[in-house]
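A short worksheet on the structure shown next.
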Amino acid sequence: MLEVSNLGVRYGRHVALEGVSARVSKGEICVILGANGAGKSSFLGAVAGLVGTEAGTRIVMNGKDVTKLDAHLMVEEGIALVPEGRGIFGELTVAENLRLGSHARRAKADAGKRLDFVYGLFPRLAERRRQLAQTMSGGEQQMVAIGRALMAKPDILMLDEPSLGLSPLLSKELFKSLATIVAEGFGILLVEQNARLSLKTAARGYLIETGRIVGEDTASNLLKDPKVMSAYLGDVAAAAAH
Amino acid sequence: MNIPRNELLALGAGLACAAVLAFLPLVTEGFWLSLSVNIMLYAAICTAWALFSGPTHLVSLASAAFFGVGTYSVAIFIDVLPFPALILIAVAAGALLAMLVGLATLRLSGVYFVIFTLGLTELMGQIVTWVQTNFGGAIGLYVFTDLTEAHLYWLLLALTVIVFVTGWLINRSRLGLALRIIGNDEAVARHVGVDTARTRIILFAVSGAFIAVAGAIMAPRYSYITPDAAFSPMTSFFVVIMALLGGTRRLWGPLVGVVPFTLVMDFISGHFPNQTAVIVGIAFLAIVYVLPDGVTGQLESLFRRRRPAEQSLLTSTVEEGR
């Protein structure tokens with residue numbers, strides 16, 4: 001559904017991404033693993049239309065070339081991003097944050113139904129719909145951010161390090177919710193440092209290193225790959241696997 | 001559309017207030033009427049200013065530029081066109097200038113935007129001076145009309161009402177909620193599908209057009225229009241101070257600052273004419289330090305703290321983390 005080919009991003013003379021190709025389909029979780037500074041966030045930013053791309057880049061969404069579209073139009077094409085650090089609006093209530101998500105034209109029609117879906121997915125948000133978002137815990141704020149992105153009626157939901165700053169328990173719950181979302185037919189493109197948890201939930205994964213894709217496989221194969229183990233899962237995991 | 005009852009009440013109360021205020025020129029004249037014209041003038045301009053600067057958090061010092069453009073729209077054409085037509089010219093000129101500036105400053109924020117708009121005011125004044133000295137033969141222009149102080153008051157009152165209704169309609173529109181976040185995080189605003197560039201330009205144009213109309217209405221009062229007076233940067237500063245004093249989070253916030261500030265300023269400039277600039281500067285500092293959210297913002301957060309019952313009801317389970 002989302003197909004990115006030969007994506008390039010540079011900031012001045014610094015090349016952040018070069019020749020990156022990836023695809024995400026409906027109903028699958030796809031994870032991009034990489035270290036800090038590998039270009040993961042630039043990749044999501046470029047797809048979302050926030051970061052300018054180099055010539056030769058091609059982004060196709062639902063069969064339509066959307067390479068040059070501005071960020072607010074990417075939303076209309078069905079791509080929603082949950083940015084790193086969540087980007088929720090603390091001075092607004094939970095309900096207002098969610099309502100904001102349905103600002104896009106494509107999201108207007110059945111916003112009520114989707115709100116019910118979000119509240120069903122995260123009952124905490126329903127309980128606290130009138131609370132100011134800034135007074136909520138990190139995990140709850142992440143729910144608000146994901147809920148808001150879902151309100152935009154996306155085909156593809158992109159998340160930038162959603163487990164950042166969450167306790168292991170909350171991270172686990174978060175990934176459980178992502179599995180539920182995918183079961184509803186959404187596609188998810190995920191950028192993560194928490195390799196093990198994300199690979200357990202995802203169907204496929206890409207490895208990104210200094211701006212290039214260096215590996216691509218099913219998640220279960222990546223989990224077994226000793227190189228991946230040592231690079232992204234830490235020595236303990238690698239030792240345990242041997 | 002379904003309008004909440006409290007908003008309908010506020011709208012009704014506002015219109016009733018305006019209706020009552022419309023009788024003011026019938027019961028008073030001279031000093032108090034003239035002071036009321038000043039209050040009404042700043043009520044219109046500050047509210048119009050806050051339409052743009054409130055949600056975007058971009059402090060515009062271009063109010064005087066729009067005001068002057070409106071004033072000159074009247075001064076240039078007063079002998080050839082009727083007054084209502086001049087108001088329309090002011091609308092067009094103000095909106096056009098605002099759109100150009102909006103386009104030019106799309107990528108500017110913070111202090112860069114402030115400086116740009118301050119420079120714009122100066123530039124407009126200099127251009128008008130240059131044109132007049134080279135092609136006009138005199139620095140100023142005369143504006144003679146039959147409009148009395150009472151007429152100006154009614155016109156400004158009508159303008160204020162229109163500004164308020166426009167602001168209310170904008171808040172009710174699809175853009176309303178999105179506007180509340182555009183100044184907090186433009187990137188995220190775009191993620192939820194808000195065309196931030198278009199929004200910024202449209203808002204600035206609406207705001208600039210209103211301020212230009214205020215300038216046009218005031219032209220007959222000055223009778224002799226000079227660039228120094230029409231494009232006086234003090235206008236821009238006063239607008240910012242009063243709007244910040246009142247608070248820009250609510251549509252009626254600036255109004256809360258305008259009324260006391262105009263009264264106090266009138267007293268100060270009457271009794272301490274030489275110290276006025278110093279006092280204005282100190283007032284500016286004091287407002288920014290003591291009341292960053294303005295009087296209304298301060299009251300709101302006080303009010304919020306005063307209602308722990310509702311808060312604890314909503315957050316009955318103890319917050320973990322934060």
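In the structure tokens, each chain is lettered A, B, ... as it comes, each chain's residues begin at 1, and ligands are numbered from 1 in order of appearance.
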Would you mind listing, as a list in words, all residues of chain A that have at least one atom within 6 Å of chain B, where only C-alpha atoms are what counts?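 Taking only C-alpha atoms into account, Ala71, His72, Val75, Gly101, Ala104, Met136 and Ser137 of chain A sit within 6 Å of chain B.
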9 Å contact set for range 145-156 of chain A, only C-alpha atoms, chain neighbours under 2 positions out, as a PyMOL selection string: (chain A and resi 1-2+24-26+62+75-83+86-88+97-108+111+114-115+118-119+121-122+125+140-143+158-159+162+185-189) or (chain B and resi 191-193)
Interatomic distance (Å, one decimal) between CA of Glu300 in chain B and CA of Ile45 in chain B: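 Taking CA of Glu300 in chain B as the start and CA of Ile45 in chain B as the end point, the length is 23.6 Å.
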Would you mind writing down, as a VMD selection string, each residue of range 12-147 of chain A that DSSP on the backbone assigns to strand (DSSP E or B)? chain A and resid 14 to 24 29 to 33 58 to 61 64 to 65 79 to 82 93 132
Could the residues in this selection be saved with C-alpha atoms as a PDB file, in the first residue's frame?
```
ATOM      1  CA  HIS A  14      25.227  15.883   5.319  1.00  0.00           C
ATOM      2  CA  VAL A  15      23.590  12.865   3.681  1.00  0.00           C
ATOM      3  CA  ALA A  16      21.042  11.443   6.119  1.00  0.00           C
ATOM      4  CA  LEU A  17      19.419   8.837   3.875  1.00  0.00           C
ATOM      5  CA  GLU A  18      20.398   7.392   0.513  1.00  0.00           C
ATOM      6  CA  GLY A  19      18.608   4.926  -1.762  1.00  0.00           C
ATOM      7  CA  VAL A  20      16.217   3.710   0.902  1.00  0.00           C
ATOM      8  CA  SER A  21      13.374   1.499  -0.269  1.00  0.00           C
ATOM      9  CA  ALA A  22      10.656   0.003   1.874  1.00  0.00           C
ATOM     10  CA  ARG A  23       7.031  -1.013   1.711  1.00  0.00           C
ATOM     11  CA  VAL A  24       4.190  -1.533   4.138  1.00  0.00           C
ATOM     12  CA  ILE A  29       3.426  -4.249  11.242  1.00  0.00           C
ATOM     13  CA  CYS A  30       6.710  -3.360   9.719  1.00  0.00           C
ATOM     14  CA  VAL A  31       9.586  -2.247  11.910  1.00  0.00           C
ATOM     15  CA  ILE A  32      12.683  -0.264  11.050  1.00  0.00           C
ATOM     16  CA  LEU A  33      15.545  -0.953  13.413  1.00  0.00           C
ATOM     17  CA  ARG A  58       9.494   8.019  -5.172  1.00  0.00           C
ATOM     18  CA  ILE A  59       6.755   7.594  -2.584  1.00  0.00           C
ATOM     19  CA  VAL A  60       3.614   5.806  -3.763  1.00  0.00           C
ATOM     20  CA  MET A  61       0.552   5.519  -1.547  1.00  0.00           C
ATOM     21  CA  LYS A  64      -0.780   7.343  -6.264  1.00  0.00           C
ATOM     22  CA  ASP A  65       2.517   9.207  -6.476  1.00  0.00           C
ATOM     23  CA  ILE A  79      -0.572   8.473   6.235  1.00  0.00           C
ATOM     24  CA  ALA A  80      -0.581   9.499   9.883  1.00  0.00           C
ATOM     25  CA  LEU A  81       2.495   9.970  12.033  1.00  0.00           C
ATOM     26  CA  VAL A  82       2.857   9.729  15.784  1.00  0.00           C
ATOM     27  CA  THR A  93      -8.249  17.881  27.036  1.00  0.00           C
ATOM     28  CA  LEU A 132      -5.931  18.048  30.383  1.00  0.00           C
TER      29      LEU A 132
END
```
For range 220-235 of chain A, find every residue with an atom within 10 Å (counting only C-alpha atoms), except residues of its own chain fewer than 3 positions away, and show them as a ChimeraX atom specification. /A:33-35,193-197,199-207,215-217,238-242
